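Engineer: Mind having a look at this structure? Questions to follow.
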Amino acid sequence: MNQRLLLSGDEAIAHGAKAAGVRFAAAYPGTPSTEIMETFARFPGSHAQWSPNEKVAFEVGIGASLAGARTLVCMKHVGVNVAADPLMTFAYTGVKGGFVLVSADDPEMHSSQNEQDNRTWAKFAKIPMLEPSDSQECYDFTGLALDLSEQFDAPVLLRITTRIAHSLTPVEVREWTEVPVTGFTPDIPKYVMMPNWARPRHQAVLQRLEALRQYSETTPLNRIEWGDRQVGIVTSGISYQHAREALPGASIFKLGFSYPLPLEKLREFASQVERVIVVEELEPFIEEALKAHGIACEGKKYFPVYGELNPTLAARGLVQAGVRSEPVAETPAPVEVLPRPPVLCAGCGHRSIFYALRRMGAHVFGDIGCYTLSALPPLETVHACICMGASIGMAVGVSQTQGSKRPVFAVIGDSTFLHSGITGVLDAVYNQANVTIIILDNHITAMTGGQAHPATGMTLQGKPTKSVDFVALAKVLGADHVETIDPYDFNATWETLKASVARPGVNVLVTTRPCMLFPRKVKQEPYIIVAGDCNGCGVCLKIGCPAIARSGEVTDKNLAIPVIDTAACTGCRLCADICPQDCIILKSQPGRESEVKA
Amino acid sequence: MTLATENPAPRAAAAVLQLKSMNILIVGVGGQGVLLASAILSEVALLAGYDVKKSEVHGMSQRGGVVSSHVRLGTVVHSPVIPNGAADVILAFEKAEALRWVHELKAGGFLIVNDQKLVPPIAVDPKYVYPDDALELLQGRAERLRVLNAAAIARKLGNERLANTVLLGALSTGLDIDLDLWRQVISRRVPKGTAEANLKAFEAGRNQ
């Protein structure tokens, strides 16, 4: 029986994939795509897994597809860059079981380092692309994408954005269908991409593209909603919803199948309206294609090429274009309120490392994860951050050019290290760099909400599995010195970091404390500040701990006395270790004056 | 495969009840329970026959950052994002956050503020000052303003954890939705064995 559920776009894709008989699914976590695989993993009867990175997820997906299983591979937009190598050539070989690649883009960079528009990948790889505009379409299009993948022998890109992935809208879900795994059948000229076989496959791709173009002309996914013919809006994905709201009476050409474009149908549409306006987020992907094919239109003249589109920006652009008469209401100016940036949790093991690196005056090359927050005040100790794994390469490059007179460090999280840090260590070892690499091992993929990885000893489903030993791995890669550090022991951490700076060669240091939130919240006995002994030096306020605040009381020299929120304090001891007055003590420690009242 | 998109008629038209459309913005600080509150509201609205869309940005929500959740309901809802200045109701879990978002309230809108103060860690730097006078500043910015101390009300009921349900009770007074639907969804979504206490908290939030 069909059921009506309120689902996020991510959840709807997982449900749609299961209903359409997906047997194999792989992903590397990344906002806003993570919940697809977390949801799919709860369905029995299919294989679901985290892979160490998106390239591997894509490659195991290729294997599953060639084995004849319907396959789903999911990643965030920048993950597709990592998976691009197999993607570009899998586009040549084609599939056996239907293969859907979900790219979850992040316009506005709510949780990303760039806001690239991955519609471009469909054109680059010459593969079909579907763009759902709500959760129901996420559900329906996933099944349809699998059908199309098999019908046209091509991997299909299902492209969503944050506001699709993380918006909940009603979805009619159907019963699951079983699609058997048909098995691998060797076909050397089709699957072995040596030049002699790749050349004819490229020809096959071009023929396929033509067939897809014809499909695009007739599919109901590309539909016209006729209205006022003075203006025709061409749009896709979430932009459709914003445009529909901003100009309710207009004729709209809604593209659900947005590569290859239905150019003839669009030309016909354009001929029946007075003006064509393309409403799209980020790049002028549709607009440029229309113009290249001689279809007169306007678009980015009125809408930004950066950030998220929303109903207000859509309306404003349409007013500017002169097609919406109702002006956009001006809102009152926002009230200036102090910012509330996200912070490292109380007790986070990363904090003491960054505090030490700051004190040392180091140049720190960072990576993707919670610890990137250490670039913000008060720590301000990440000096470059580019992409997954880049920390090590950057630190090596600086070290090889002797471009820094300061100690040079690479800092990288455990999940990120396994994703793409290992080859960076190989470079450092092979080319004999002088560098210290700190693996901030909190035993989880924390930033995306606590996912397992190959060093957690747990699978996606929480079942026990083998676990990578970072120390053994670093040694076998050839690091000159490998050592663990307990970041809760600040003095020892400080000495270890100092020693590593003095030691030539490749140093790898591995931290040992788990994440405060995942897989379970950590709480040890809290510390308190003995107010009577505090001289207001403020050192403990400079570590960015959310459990330490100004108490409102001051010393006789009018310096602020801090207070620890014992409910929030997890007992990591960093503030106690660095307090020059030695006035931060365990709550239960007897014989000292009591804490200041908050 | 039958595609919903083959039928260009809006899908929610099945429930043609000529319902009033509403934009509800729920704001607070990561960890306060904003996303659960908006999930409960959305489910209630769906049961009431509305088309519903709820949108928010996750990611930083567990690390003490600003959290905002958009809930839109009506006969047909297109964009999941509330246009600027078009919120009919804002429910703020924290008073500085109420101040941060109040410009999104429509003229004549309803602002509900939880009288709670959460000072962000950045305020250890004296150049960042927490607005202790947030409630006074809000006076005059919202035509209908309701301030309640959900934690105090919850404590009176015997458990501070009921504060979020108290806030949902307050929110329900701004929406014309059958109270039984609220009770039904709350009972289903709260931890086992706490339904009765939560329903009491919901009533307390309505009556404060």
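Chain lettering (A, B, ...) mirrors the order of the structure tokens, residue numbering begins at 1 for each chain separately, and ligand numbering begins at 1 in order of display.
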With chain B as the partner and 7 Å as the cut-off, tabulate the residues of chain A that qualify, each row holding the nearest pair of atoms and their distance in Å to one decimal, using only C-alpha atoms, sorted by chain and rising number, as JSON lines.

Structural biologist:
{"residue": "A:Thr31", "atom": "CA", "partner": "B:Gly59", "partner_atom": "CA", "distance": 6.7}
{"residue": "A:Ser111", "atom": "CA", "partner": "B:Gly59", "partner_atom": "CA", "distance": 6.3}
{"residue": "A:Asp140", "atom": "CA", "partner": "B:Leu3", "partner_atom": "CA", "distance": 6.4}
{"residue": "A:Arg163", "atom": "CA", "partner": "B:Ser55", "partner_atom": "CA", "distance": 6.7}
{"residue": "A:His166", "atom": "CA", "partner": "B:Ser55", "partner_atom": "CA", "distance": 6.2}
{"residue": "A:Ser167", "atom": "CA", "partner": "B:Ser55", "partner_atom": "CA", "distance": 4.1}
{"residue": "A:Leu168", "atom": "CA", "partner": "B:Lys54", "partner_atom": "CA", "distance": 4.9}
{"residue": "A:Thr169", "atom": "CA", "partner": "B:Lys53", "partner_atom": "CA", "distance": 4.8}
{"residue": "A:Pro170", "atom": "CA", "partner": "B:Val52", "partner_atom": "CA", "distance": 6.9}
{"residue": "A:Pro220", "atom": "CA", "partner": "B:Glu6", "partner_atom": "CA", "distance": 5.7}
{"residue": "A:Leu221", "atom": "CA", "partner": "B:Thr5", "partner_atom": "CA", "distance": 6.4}
{"residue": "A:Gln241", "atom": "CA", "partner": "B:Ser79", "partner_atom": "CA", "distance": 4.6}
{"residue": "A:His242", "atom": "CA", "partner": "B:Ser79", "partner_atom": "CA", "distance": 5.1}
{"residue": "A:Arg244", "atom": "CA", "partner": "B:His78", "partner_atom": "CA", "distance": 6.7}
{"residue": "A:Glu245", "atom": "CA", "partner": "B:His78", "partner_atom": "CA", "distance": 6.0}
{"residue": "A:Asn310", "atom": "CA", "partner": "B:Val81", "partner_atom": "CA", "distance": 6.6}
{"residue": "A:Pro311", "atom": "CA", "partner": "B:Pro83", "partner_atom": "CA", "distance": 5.4}
{"residue": "A:Thr312", "atom": "CA", "partner": "B:Pro83", "partner_atom": "CA", "distance": 5.2}
{"residue": "A:Thr331", "atom": "CA", "partner": "B:Gly85", "partner_atom": "CA", "distance": 5.3}
{"residue": "A:Pro332", "atom": "CA", "partner": "B:His103", "partner_atom": "CA", "distance": 5.5}
{"residue": "A:Ala333", "atom": "CA", "partner": "B:His103", "partner_atom": "CA", "distance": 6.5}
{"residue": "A:Pro334", "atom": "CA", "partner": "B:His103", "partner_atom": "CA", "distance": 5.4}
{"residue": "A:Val335", "atom": "CA", "partner": "B:Arg100", "partner_atom": "CA", "distance": 6.0}
{"residue": "A:Val337", "atom": "CA", "partner": "B:Arg100", "partner_atom": "CA", "distance": 5.8}
{"residue": "A:Leu338", "atom": "CA", "partner": "B:Tyr128", "partner_atom": "CA", "distance": 5.8}
{"residue": "A:Arg340", "atom": "CA", "partner": "B:Gly65", "partner_atom": "CA", "distance": 5.5}
{"residue": "A:Pro341", "atom": "CA", "partner": "B:Gly65", "partner_atom": "CA", "distance": 5.2}
{"residue": "A:Pro342", "atom": "CA", "partner": "B:Gly65", "partner_atom": "CA", "distance": 4.2}
{"residue": "A:Val343", "atom": "CA", "partner": "B:Arg63", "partner_atom": "CA", "distance": 5.6}
{"residue": "A:Leu344", "atom": "CA", "partner": "B:Arg63", "partner_atom": "CA", "distance": 6.6}
{"residue": "A:Cys345", "atom": "CA", "partner": "B:Arg63", "partner_atom": "CA", "distance": 6.3}
{"residue": "A:Thr448", "atom": "CA", "partner": "B:Gly59", "partner_atom": "CA", "distance": 6.3}
{"residue": "A:Leu541", "atom": "CA", "partner": "B:Val124", "partner_atom": "CA", "distance": 6.3}
{"residue": "A:Gly544", "atom": "CA", "partner": "B:Pro121", "partner_atom": "CA", "distance": 6.7}
{"residue": "A:Cys545", "atom": "CA", "partner": "B:Pro121", "partner_atom": "CA", "distance": 6.9}
{"residue": "A:Pro546", "atom": "CA", "partner": "B:Pro121", "partner_atom": "CA", "distance": 4.9}
{"residue": "A:Ala549", "atom": "CA", "partner": "B:Val124", "partner_atom": "CA", "distance": 5.9}
{"residue": "A:Arg550", "atom": "CA", "partner": "B:Val124", "partner_atom": "CA", "distance": 6.2}

Engineer: Got a sec: who's within 6 Å of Val166 in chain B, counting only C-alpha atoms, leaving out chain neighbours fewer than 2 positions off, as a CSV table (one decimal) with C-alpha atoms, in the first residue's frame?

Structural biologist:
chain,number,residue,atom,x,y,z
B,150,ALA,CA,9.8,27.6,29.2
B,163,ALA,CA,10.7,23.0,28.0
B,164,ASN,CA,10.5,22.4,24.3
B,168,LEU,CA,5.2,24.0,21.1
B,169,GLY,CA,2.2,24.7,23.2
B,201,ALA,CA,3.7,20.7,29.2
B,202,PHE,CA,1.9,21.4,25.9
B,205,GLY,CA,2.6,26.3,27.1

Engineer: So which residues of range 236-282 of chain A fall under strand (DSSP E) by DSSP, listed as a ChimeraX atom specification?

Structural biologist: /A:236,250-255,257-259,275-279

Engineer: Tell me which protein, DNA and RNA residues are within 6 Å of range 429-444 of chain A, counting only C-alpha atoms, leaving out same-chain ones fewer than 3 positions away, and put them as an mmCIF file with C-alpha atoms, in the first residue's frame.

Structural biologist:
data_model
loop_
_atom_site.group_PDB
_atom_site.id
_atom_site.type_symbol
_atom_site.label_atom_id
_atom_site.label_comp_id
_atom_site.auth_asym_id
_atom_site.auth_seq_id
_atom_site.Cartn_x
_atom_site.Cartn_y
_atom_site.Cartn_z
ATOM 1 C CA PHE A 409 52.726 21.486 10.538
ATOM 2 C CA ALA A 410 50.048 19.622 8.632
ATOM 3 C CA VAL A 411 46.941 18.791 10.666
ATOM 4 C CA ILE A 412 44.422 16.310 9.340
ATOM 5 C CA GLY A 413 41.564 14.331 10.870
ATOM 6 C CA ASP A 414 41.396 10.540 10.932
ATOM 7 C CA LEU A 426 54.234 9.013 0.724
ATOM 8 C CA GLY A 450 29.505 10.837 13.421
ATOM 9 C CA ALA A 452 32.161 5.223 10.827
ATOM 10 C CA THR A 456 36.637 2.973 13.728
ATOM 11 C CA PRO A 504 64.516 16.426 10.803
ATOM 12 C CA GLY A 505 62.601 14.092 8.500
ATOM 13 C CA VAL A 506 58.924 13.135 8.430
ATOM 14 C CA ASN A 507 57.277 13.127 11.865
ATOM 15 C CA VAL A 508 53.824 11.683 12.259
ATOM 16 C CA LEU A 509 51.990 12.336 15.535
ATOM 17 C CA VAL A 510 48.674 10.639 16.240
ATOM 18 C CA THR A 511 46.274 11.980 18.889
ATOM 19 C CA ARG A 513 41.149 11.177 22.395
ATOM 20 C CA PRO A 514 37.676 10.368 21.018
ATOM 21 C CA CYS A 515 35.151 12.879 19.730
#

Engineer: Can you work out which one of A:Phe285, A:Phe269, A:Trp50, A:Phe43 has the shortest atom-to-atom distance to Lys123 in chain A, counting only C-alpha atoms?

Structural biologist: A:Phe285

Engineer: Taking the DSSP assignment computed from this structure's backbone, write out as number ranges by chain all residues of range 77-121 of chain B that belong to helix (DSSP H, G or I).

Structural biologist: B: 95-104, 121

Engineer: With N, CA and C atoms kept, could you save the residues just selected as a tab-separated table (two decimals), in the first residue's frame?

Structural biologist:
chain	number	residue	atom	x	y	z
B	95	LYS	N	16.61	34.38	23.48
B	95	LYS	CA	16.16	35.76	23.25
B	95	LYS	C	17.06	36.57	22.32
B	96	ALA	N	18.39	36.32	22.35
B	96	ALA	CA	19.25	37.04	21.40
B	96	ALA	C	18.94	36.59	19.97
B	97	GLU	N	18.56	35.31	19.84
B	97	GLU	CA	18.21	34.79	18.52
B	97	GLU	C	16.91	35.41	18.03
B	98	ALA	N	15.98	35.71	18.94
B	98	ALA	CA	14.75	36.40	18.57
B	98	ALA	C	15.10	37.75	17.95
B	99	LEU	N	16.05	38.40	18.55
B	99	LEU	CA	16.49	39.71	18.06
B	99	LEU	C	17.16	39.59	16.69
B	100	ARG	N	17.94	38.53	16.52
B	100	ARG	CA	18.66	38.32	15.27
B	100	ARG	C	17.69	38.14	14.09
B	101	TRP	N	16.53	37.54	14.36
B	101	TRP	CA	15.63	37.14	13.27
B	101	TRP	C	14.36	37.98	13.16
B	102	VAL	N	14.14	38.90	14.09
B	102	VAL	CA	12.83	39.56	14.17
B	102	VAL	C	12.49	40.35	12.90
B	103	HIS	N	13.51	40.78	12.15
B	103	HIS	CA	13.21	41.53	10.91
B	103	HIS	C	12.53	40.65	9.86
B	104	GLU	N	12.54	39.34	10.07
B	104	GLU	CA	11.86	38.44	9.12
B	104	GLU	C	10.36	38.35	9.39
B	121	PRO	N	30.29	31.61	23.17
B	121	PRO	CA	31.67	31.65	23.68
B	121	PRO	C	32.45	32.86	23.17

Engineer: Counting only C-alpha atoms, which residue out of B:Leu171, B:Leu111, B:Leu41, B:Ala154 sits closest to Gly140 in chain B?

Structural biologist: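 Ranked by minimum distance to Gly140 in chain B, first place goes to B:Leu111.
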
Engineer: Tell me, in Å to one decimal, how far CA of Gly79 in chain A is from CA of Ser103 in chain A.

Structural biologist: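 Between these atoms lies a distance of 8.0 Å.
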